[in-house]
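**Student:** Here you go, this is input_29.tsv (TSV, C-alpha atoms and all ligand atoms).
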```tsv
chain	number	residue	atom	x	y	z
A	1	MET	CA	-8.21	2.07	19.76
A	2	LYS	CA	-9.52	-0.63	17.43
A	3	ILE	CA	-9.07	-0.27	13.66
A	4	LEU	CA	-10.58	-2.36	10.88
A	5	LEU	CA	-7.94	-2.90	8.16
A	6	ALA	CA	-9.90	-2.81	4.92
A	7	SER	CA	-7.42	-4.66	2.71
A	8	SER	CA	-7.24	-8.12	1.20
A	9	ASN	CA	-3.53	-7.79	0.41
A	10	GLN	CA	-1.63	-10.09	2.80
A	11	GLY	CA	1.64	-8.24	2.18
A	12	LYS	CA	0.14	-4.94	3.31
A	13	LEU	CA	-1.53	-6.58	6.32
A	14	ALA	CA	1.77	-8.06	7.51
A	15	GLU	CA	3.37	-4.61	7.29
A	16	PHE	CA	0.51	-2.87	9.12
A	17	ARG	CA	0.87	-5.32	12.01
A	18	GLN	CA	4.38	-3.97	12.53
A	19	LEU	CA	3.95	-0.34	11.46
A	20	LEU	CA	0.81	0.22	13.54
A	21	ASP	CA	1.79	-1.72	16.65
A	22	GLY	CA	-0.01	-0.38	19.67
A	23	PHE	CA	-3.34	-0.30	17.83
A	24	GLU	CA	-5.77	-3.17	18.02
A	25	MET	CA	-6.33	-4.34	14.45
A	26	VAL	CA	-9.24	-6.26	12.99
A	27	PRO	CA	-8.56	-7.86	9.58
A	28	TRP	CA	-11.03	-7.52	6.71
A	29	PRO	CA	-13.00	-10.80	6.78
A	30	THR	CA	-12.07	-13.22	4.00
A	31	ASP	CA	-15.75	-13.67	3.10
A	32	ALA	CA	-16.41	-9.90	2.93
A	33	PRO	CA	-16.85	-8.34	-0.53
A	34	SER	CA	-13.80	-6.98	-2.33
A	35	LEU	CA	-13.74	-3.20	-2.28
A	36	PRO	CA	-14.09	-1.33	-5.58
A	37	GLU	CA	-11.37	1.15	-6.57
A	38	THR	CA	-12.42	3.05	-9.66
A	39	GLY	CA	-10.69	6.40	-9.15
A	40	ALA	CA	-7.88	7.95	-11.16
A	41	PHE	CA	-5.76	8.87	-8.13
A	42	PHE	CA	-4.44	7.00	-5.08
A	43	GLN	CA	-6.33	9.38	-2.78
A	44	ASP	CA	-9.68	8.78	-4.51
A	45	ASN	CA	-9.25	5.02	-4.27
A	46	ALA	CA	-8.11	5.02	-0.65
A	47	LEU	CA	-11.17	7.08	0.35
A	48	GLN	CA	-13.47	4.92	-1.79
A	49	LYS	CA	-12.20	1.76	-0.09
A	50	ALA	CA	-12.37	3.20	3.44
A	51	GLU	CA	-15.89	4.57	2.95
A	52	GLY	CA	-17.08	1.40	1.22
A	53	ALA	CA	-15.68	-0.76	4.01
A	54	ARG	CA	-17.20	1.47	6.68
A	55	ALA	CA	-20.65	1.24	5.07
A	56	TRP	CA	-20.36	-2.55	4.86
A	57	TRP	CA	-19.09	-2.86	8.43
A	58	LEU	CA	-21.91	-0.70	9.82
A	59	GLU	CA	-24.35	-3.21	8.38
A	60	HIS	CA	-22.49	-6.52	8.71
A	61	GLY	CA	-19.62	-5.97	11.16
A	62	LEU	CA	-19.20	-8.57	13.88
A	63	GLU	CA	-17.52	-6.39	16.49
A	64	PRO	CA	-17.32	-2.70	17.29
A	65	VAL	CA	-14.37	-0.76	15.87
A	66	ASP	CA	-13.38	2.89	16.18
A	67	GLY	CA	-12.65	3.36	12.51
A	68	VAL	CA	-11.66	1.85	9.18
A	69	LEU	CA	-8.29	2.12	7.47
A	70	ALA	CA	-7.71	1.56	3.75
A	71	ASP	CA	-4.49	1.79	1.72
A	72	ASP	CA	-4.10	2.59	-1.95
A	73	SER	CA	-0.55	2.33	-3.17
A	74	GLY	CA	1.63	1.51	-6.12
A	75	LEU	CA	4.88	1.80	-8.01
A	76	CYS	CA	5.31	4.81	-10.31
A	77	VAL	CA	8.05	4.49	-12.93
A	78	ASP	CA	9.18	7.64	-14.73
A	79	ALA	CA	10.11	5.79	-17.94
A	80	LEU	CA	6.55	4.40	-18.02
A	81	TRP	CA	4.94	7.84	-17.60
A	82	GLY	CA	4.22	7.09	-13.96
A	83	GLY	CA	2.84	3.61	-14.57
A	84	PRO	CA	1.74	1.20	-13.41
A	85	GLY	CA	0.93	3.69	-10.60
A	86	VAL	CA	-2.68	3.57	-9.55
A	87	LEU	CA	-3.08	0.43	-11.70
A	88	SER	CA	-0.28	-1.47	-9.91
A	89	ALA	CA	-2.56	-4.20	-8.57
A	90	ARG	CA	-4.03	-4.68	-12.05
A	91	PHE	CA	-0.79	-4.71	-14.07
A	92	ALA	CA	-0.29	-7.81	-16.30
A	93	PRO	CA	-3.43	-9.65	-15.13
A	94	ASP	CA	-2.56	-12.58	-17.44
A	95	LEU	CA	0.49	-13.36	-15.28
A	96	ALA	CA	-0.02	-15.06	-11.93
A	97	SER	CA	3.27	-14.48	-10.13
A	98	TYR	CA	4.97	-11.23	-9.21
A	99	ARG	CA	8.25	-12.71	-10.49
A	100	ASP	CA	6.68	-12.79	-13.98
A	101	LYS	CA	4.97	-9.40	-13.60
A	102	ASN	CA	8.24	-7.85	-12.46
A	103	HIS	CA	10.07	-9.40	-15.41
A	104	ARG	CA	7.50	-7.94	-17.82
A	105	LEU	CA	7.60	-4.51	-16.20
A	106	LEU	CA	11.41	-4.40	-16.46
A	107	ALA	CA	11.22	-5.46	-20.11
A	108	MET	CA	8.93	-2.48	-20.83
A	109	VAL	CA	11.61	0.01	-19.77
A	110	PRO	CA	13.71	0.96	-22.82
A	111	ASP	CA	17.49	0.44	-22.65
A	112	GLY	CA	19.22	3.58	-21.43
A	113	ALA	CA	16.01	5.11	-20.06
A	114	ASP	CA	15.86	6.99	-16.78
A	115	ARG	CA	15.16	4.26	-14.18
A	116	SER	CA	13.82	6.61	-11.49
A	117	ALA	CA	10.77	5.28	-9.68
A	118	ARG	CA	8.88	5.77	-6.47
A	119	PHE	CA	6.47	3.89	-4.28
A	120	VAL	CA	3.43	5.91	-3.17
A	121	CYS	CA	1.01	5.03	-0.37
A	122	VAL	CA	-2.16	6.91	0.53
A	123	LEU	CA	-4.00	5.79	3.66
A	124	ALA	CA	-7.60	6.78	4.27
A	125	TYR	CA	-9.01	6.57	7.77
A	126	ALA	CA	-12.78	6.73	8.22
A	127	PRO	CA	-13.97	7.01	11.83
A	128	LEU	CA	-17.25	5.16	12.30
A	129	GLN	CA	-18.92	8.53	12.67
A	130	GLY	CA	-17.38	11.60	11.07
A	131	GLU	CA	-15.28	12.78	8.17
A	132	PRO	CA	-12.58	10.53	6.68
A	133	PHE	CA	-9.07	11.90	6.17
A	134	THR	CA	-5.95	10.77	4.34
A	135	ALA	CA	-2.24	10.49	5.12
A	136	SER	CA	0.39	9.75	2.50
A	137	GLY	CA	4.00	8.70	2.09
A	138	THR	CA	6.49	8.27	-0.76
A	139	VAL	CA	9.89	6.63	-1.13
A	140	GLU	CA	12.13	7.59	-4.05
A	141	GLY	CA	14.41	5.10	-5.76
A	142	SER	CA	15.19	3.36	-9.01
A	143	LEU	CA	14.41	0.17	-10.87
A	144	ALA	CA	16.81	-2.74	-10.58
A	145	PHE	CA	17.82	-4.53	-13.81
A	146	ALA	CA	16.41	-7.85	-12.59
A	147	HIS	CA	14.11	-9.30	-9.92
A	148	ARG	CA	16.38	-9.59	-6.83
A	149	GLY	CA	15.46	-11.06	-3.46
A	150	ASP	CA	12.43	-12.84	-2.11
A	151	GLY	CA	11.55	-10.57	0.81
A	152	GLY	CA	8.55	-8.28	0.95
A	153	PHE	CA	5.83	-8.61	-1.69
A	154	GLY	CA	4.69	-7.28	-5.04
A	155	TYR	CA	7.25	-5.03	-6.72
A	156	ASP	CA	9.71	-5.04	-3.79
A	157	PRO	CA	12.30	-7.21	-5.63
A	158	ILE	CA	12.74	-4.67	-8.45
A	159	PHE	CA	12.83	-1.44	-6.41
A	160	ILE	CA	16.08	-0.02	-4.99
A	161	PRO	CA	15.43	2.82	-2.53
A	162	ASP	CA	17.76	5.82	-2.84
A	163	GLY	CA	20.84	5.43	-0.64
A	164	PHE	CA	20.95	1.62	-0.94
A	165	ASP	CA	22.31	-0.94	-3.43
A	166	GLN	CA	19.82	-3.66	-2.53
A	167	THR	CA	16.18	-3.99	-3.51
A	168	PHE	CA	13.35	-4.01	-0.98
A	169	GLY	CA	13.24	-7.75	-1.72
A	170	GLU	CA	16.82	-8.10	-0.45
A	171	LEU	CA	16.80	-5.60	2.42
A	172	PRO	CA	15.54	-6.77	5.83
A	173	ALA	CA	11.92	-5.89	6.56
A	174	GLU	CA	13.13	-3.71	9.44
A	175	THR	CA	15.02	-1.52	6.96
A	176	LYS	CA	12.00	-1.22	4.66
A	177	HIS	CA	9.94	-0.20	7.68
A	178	THR	CA	12.24	2.74	8.44
A	179	LEU	CA	11.82	4.40	5.05
A	180	SER	CA	9.02	2.93	2.98
A	181	HIS	CA	6.06	4.79	1.53
A	182	ARG	CA	3.78	2.84	3.90
A	183	ALA	CA	5.98	3.53	6.93
A	184	ARG	CA	5.91	7.25	6.12
A	185	ALA	CA	2.15	7.25	5.61
A	186	CYS	CA	1.68	5.40	8.92
A	187	ALA	CA	3.89	7.96	10.67
A	188	ALA	CA	1.71	10.75	9.22
A	189	LEU	CA	-1.42	8.90	10.35
A	190	ARG	CA	-0.06	8.50	13.88
A	191	GLU	CA	0.68	12.23	13.91
A	192	ARG	CA	-2.92	13.01	12.92
A	193	PHE	CA	-4.13	10.79	15.78
A	194	ARG	CA	-1.65	12.40	18.19
A	195	LEU	CA	-2.89	15.87	17.29
A	196	GLY	CA	-6.37	14.64	18.09
A	197	VAL	CA	-7.81	15.59	14.71
A	198	ASN	CA	-9.58	12.25	14.72
A	199	PRO	CA	-10.96	10.38	16.57
A	201	LIG	P1	-6.37	-3.86	-1.27
A	201	LIG	O1	-7.05	-2.91	-2.24
A	201	LIG	O2	-7.29	-4.96	-0.80
A	201	LIG	O3	-5.69	-3.16	-0.15
A	201	LIG	P2	-4.55	-4.30	-3.48
A	201	LIG	O4	-3.34	-5.17	-3.66
A	201	LIG	O5	-5.60	-4.35	-4.57
A	201	LIG	O6	-5.19	-4.64	-2.05
A	201	LIG	P3	-3.84	-1.63	-4.26
A	201	LIG	O7	-4.95	-1.45	-5.22
A	201	LIG	O8	-3.45	-0.48	-3.38
A	201	LIG	O9	-4.09	-2.83	-3.25
A	201	LIG	O10	-2.59	-2.11	-5.12
A	201	LIG	C1	-1.32	-1.83	-4.71
A	201	LIG	C2	-0.35	-2.71	-5.48
A	201	LIG	O11	0.90	-2.03	-5.54
A	201	LIG	C3	-0.11	-4.01	-4.72
A	201	LIG	O12	-0.95	-5.03	-5.19
A	201	LIG	C4	1.36	-4.27	-5.01
A	201	LIG	O13	1.47	-4.92	-6.25
A	201	LIG	C5	1.93	-2.88	-5.17
A	201	LIG	N1	2.53	-2.40	-3.90
A	201	LIG	C6	2.01	-1.51	-3.02
A	201	LIG	N2	2.81	-1.36	-1.96
A	201	LIG	C7	3.85	-2.19	-2.17
A	201	LIG	C8	5.00	-2.50	-1.43
A	201	LIG	O14	5.23	-1.98	-0.22
A	201	LIG	N3	5.86	-3.37	-1.94
A	201	LIG	C9	5.63	-3.93	-3.14
A	201	LIG	N4	4.57	-3.71	-3.90
A	201	LIG	C10	3.68	-2.84	-3.42
```
Go ahead and render the structure in this file as C-alpha cells.
**Tutor:**
Amino acid sequence: MKILLASSNQGKLAEFRQLLDGFEMVPWPTDAPSLPETGAFFQDNALQKAEGARAWWLEHGLEPVDGVLADDSGLCVDALWGGPGVLSARFAPDLASYRDKNHRLLAMVPDGADRSARFVCVLAYAPLQGEPFTASGTVEGSLAFAHRGDGGFGYDPIFIPDGFDQTFGELPAETKHTLSHRARACAALRERFRLGVNP
C-alpha cells in the first residue's frame, strides 16, 4: 500500500518513516504548494490538509498512490488555556529557532501554575476515491522548567511525558515512539486499515 505523506514538517516525516514501517511512503514534493489549515480544531485541519493534498495530487501527482495522509498536531498547555494547541506551528513567528520559541512559551507560564500539558495528534487519511477518516492520539505530561535535550523536534525539549523525568528531547526516539501522540494515532490508523474500513 502506497501512501502520500502530505506534510512539509521534516520532524513528522522522520517519525512516520519509523511509525508506519511496512507502508510504502511518498513524501510531499518540496515544490508542491503548502497546504492551508484554517480550522479551529485539529480534526478540521487534518481533514483540510488531506483533502487539499488529494485534490492537488489527482491533478499533478507524478505516481499513483492509494491514499493521502495528513497530520495536524500540537502542544496544549493547561496554564495557557490549551494553547498554543492548534496554533502550535504558528506560535512566536518572530522567533526562528525552537529553542527561542520554547523559552518564550515557558516564560508565559506563571510561577506556581499547573504545568500539565499534552501533545495531540490527529491523522486524516483520504483514499484516492472515497470518504476520508481520522485517527487520533494523545500523550499526557507536564512542562519542564527549561529547554532540555536536543532530540526530536519542535516542543519535544520542554515536554516531560507522565511516568518519566526526562523530556522528549532527552529520551531516545524509540521511547517516544512507544507512547507519543503520533505513535498512538498511527496505531489507531493501522487498526482502521486492519479492520478493512479503508481502503
Ligand atoms: P504540516 O502541516 O506540513 O504537516 P506543520 O509543522 O505546519 O507541518 P502542524 O500545523 O500540525 O504541522 O503543526 C504542529 C506543530 O506542533 C509542529 O510544527 C510542532 O511545532 C508541534 N509538534 C507536533 N508534534 C510534535 C512532536 O511530536 N514533537 C514536538 N513538537 C510537535
**Student:** Show me which residues are within 9 Å of ligand LIG 201 (chain A) counting all atoms listed in the file, and format the list as a ChimeraX atom specification.
**Tutor:** /A:5-13,15,28,34-37,42,45-46,49,70-75,84-91,98,119-122,152-159,168-169,176,180-182
**Student:** I need the residue nearest A:Arg148 from this list: A:Ala187, A:Ala126, A:His103, A:Gly39. Use all atoms listed in the file for the distance.
**Tutor:** A:His103
**Student:** How far is it from atom CA of A:Trp57 to atom CA of A:Cys186, in Å with one decimal?
**Tutor:** 22.4 Å
**Student:** Quick one: everything within 9 Å of stretch 128-140 of chain A, counting all atoms listed in the file, minus sequence neighbours fewer than 6 positions away in the same chain. Send it as a PyMOL selection string.
**Tutor:** chain A and resi 43+46-47+50-51+54-55+58+65-68+116-122+160-162+179-189+192+198-199
**Student:** Store the residues picked out above, limited to C-alpha atoms, as a PDB file, in the coordinates of the input.
**Tutor:**
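Final file, again18.pdb:
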```
ATOM      1  CA  GLN A  43      -6.330   9.380  -2.780  1.00  0.00           C
ATOM      2  CA  ALA A  46      -8.110   5.020  -0.650  1.00  0.00           C
ATOM      3  CA  LEU A  47     -11.170   7.080   0.350  1.00  0.00           C
ATOM      4  CA  ALA A  50     -12.370   3.200   3.440  1.00  0.00           C
ATOM      5  CA  GLU A  51     -15.890   4.570   2.950  1.00  0.00           C
ATOM      6  CA  ARG A  54     -17.200   1.470   6.680  1.00  0.00           C
ATOM      7  CA  ALA A  55     -20.650   1.240   5.070  1.00  0.00           C
ATOM      8  CA  LEU A  58     -21.910  -0.700   9.820  1.00  0.00           C
ATOM      9  CA  VAL A  65     -14.370  -0.760  15.870  1.00  0.00           C
ATOM     10  CA  ASP A  66     -13.380   2.890  16.180  1.00  0.00           C
ATOM     11  CA  GLY A  67     -12.650   3.360  12.510  1.00  0.00           C
ATOM     12  CA  VAL A  68     -11.660   1.850   9.180  1.00  0.00           C
ATOM     13  CA  SER A 116      13.820   6.610 -11.490  1.00  0.00           C
ATOM     14  CA  ALA A 117      10.770   5.280  -9.680  1.00  0.00           C
ATOM     15  CA  ARG A 118       8.880   5.770  -6.470  1.00  0.00           C
ATOM     16  CA  PHE A 119       6.470   3.890  -4.280  1.00  0.00           C
ATOM     17  CA  VAL A 120       3.430   5.910  -3.170  1.00  0.00           C
ATOM     18  CA  CYS A 121       1.010   5.030  -0.370  1.00  0.00           C
ATOM     19  CA  VAL A 122      -2.160   6.910   0.530  1.00  0.00           C
ATOM     20  CA  ILE A 160      16.080  -0.020  -4.990  1.00  0.00           C
ATOM     21  CA  PRO A 161      15.430   2.820  -2.530  1.00  0.00           C
ATOM     22  CA  ASP A 162      17.760   5.820  -2.840  1.00  0.00           C
ATOM     23  CA  LEU A 179      11.820   4.400   5.050  1.00  0.00           C
ATOM     24  CA  SER A 180       9.020   2.930   2.980  1.00  0.00           C
ATOM     25  CA  HIS A 181       6.060   4.790   1.530  1.00  0.00           C
ATOM     26  CA  ARG A 182       3.780   2.840   3.900  1.00  0.00           C
ATOM     27  CA  ALA A 183       5.980   3.530   6.930  1.00  0.00           C
ATOM     28  CA  ARG A 184       5.910   7.250   6.120  1.00  0.00           C
ATOM     29  CA  ALA A 185       2.150   7.250   5.610  1.00  0.00           C
ATOM     30  CA  CYS A 186       1.680   5.400   8.920  1.00  0.00           C
ATOM     31  CA  ALA A 187       3.890   7.960  10.670  1.00  0.00           C
ATOM     32  CA  ALA A 188       1.710  10.750   9.220  1.00  0.00           C
ATOM     33  CA  LEU A 189      -1.420   8.900  10.350  1.00  0.00           C
ATOM     34  CA  ARG A 192      -2.920  13.010  12.920  1.00  0.00           C
ATOM     35  CA  ASN A 198      -9.580  12.250  14.720  1.00  0.00           C
ATOM     36  CA  PRO A 199     -10.960  10.380  16.570  1.00  0.00           C
TER      37      PRO A 199
END
```
**Student:** Hey, can I get the axis-aligned box for stretch 159-167 of chain A? All listed atoms, 5 Å padding on each side, centre and edge lengths in Å to one decimal, as lines of an AutoDock Vina configuration file.
**Tutor:**
```
center_x = 17.6
center_y = 0.9
center_z = -3.5
size_x = 19.5
size_y = 19.8
size_z = 15.8
```
**Student:** Just how far from atom CA of A:His177 is atom CA of A:Leu123, in Å to one decimal?
**Tutor:**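 For atom CA of A:Leu123 relative to atom CA of A:His177, the distance reads 15.7 Å.
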**Student:** Around (11.5, 4.1, -13.9) in the file's own coordinates, what residues are found within 7 Å if you use all atoms listed in the file, given back as JSON, numbers by chain?
**Tutor:** {"A": [77, 78, 79, 80, 114, 115, 116, 117, 142, 143]}
**Student:** Can you measure atom CA of A:Trp56 to atom CA of A:Pro33 for me? One decimal in Å is fine.
**Tutor:**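 Spanning atom CA of A:Trp56 to atom CA of A:Pro33 is a straight-line distance of 8.7 Å.
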**Student:** May I ask which of the residues A:Leu195, A:Met1, A:Ala173, A:Pro127 is the closest one to A:Ala14, counting only C-alpha atoms?
**Tutor:**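 Of A:Leu195, A:Met1, A:Ala173, A:Pro127, the one nearest A:Ala14 is A:Ala173, counting only C-alpha atoms.
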**Student:** How close does each residue of stretch 144-180 of chain A get to stretch 105-109 of chain A, giving the shortest atom pair and distance in Å to one decimal for every residue with an atom at most 9 Å away, counting all atoms listed in the file, sorted by chain and residue number, as a tab-separated table?
**Tutor:**
```
residue	atom	partner	partner_atom	distance
A:Ala144	CA	A:Leu106	CA	8.2
A:Phe145	CA	A:Leu106	CA	6.9
A:Ala146	CA	A:Leu106	CA	7.2
A:His147	CA	A:Leu106	CA	8.6
A:Ile158	CA	A:Leu106	CA	8.1
```
**Student:** Here is a test: counting all atoms listed in the file, which residue of A:Ala40, A:Ala113, A:Val26, A:Leu19 is nearest to A:Leu69?
**Tutor:**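 Once distances to A:Leu69 are computed over all atoms listed in the file, the minimum belongs to A:Val26.
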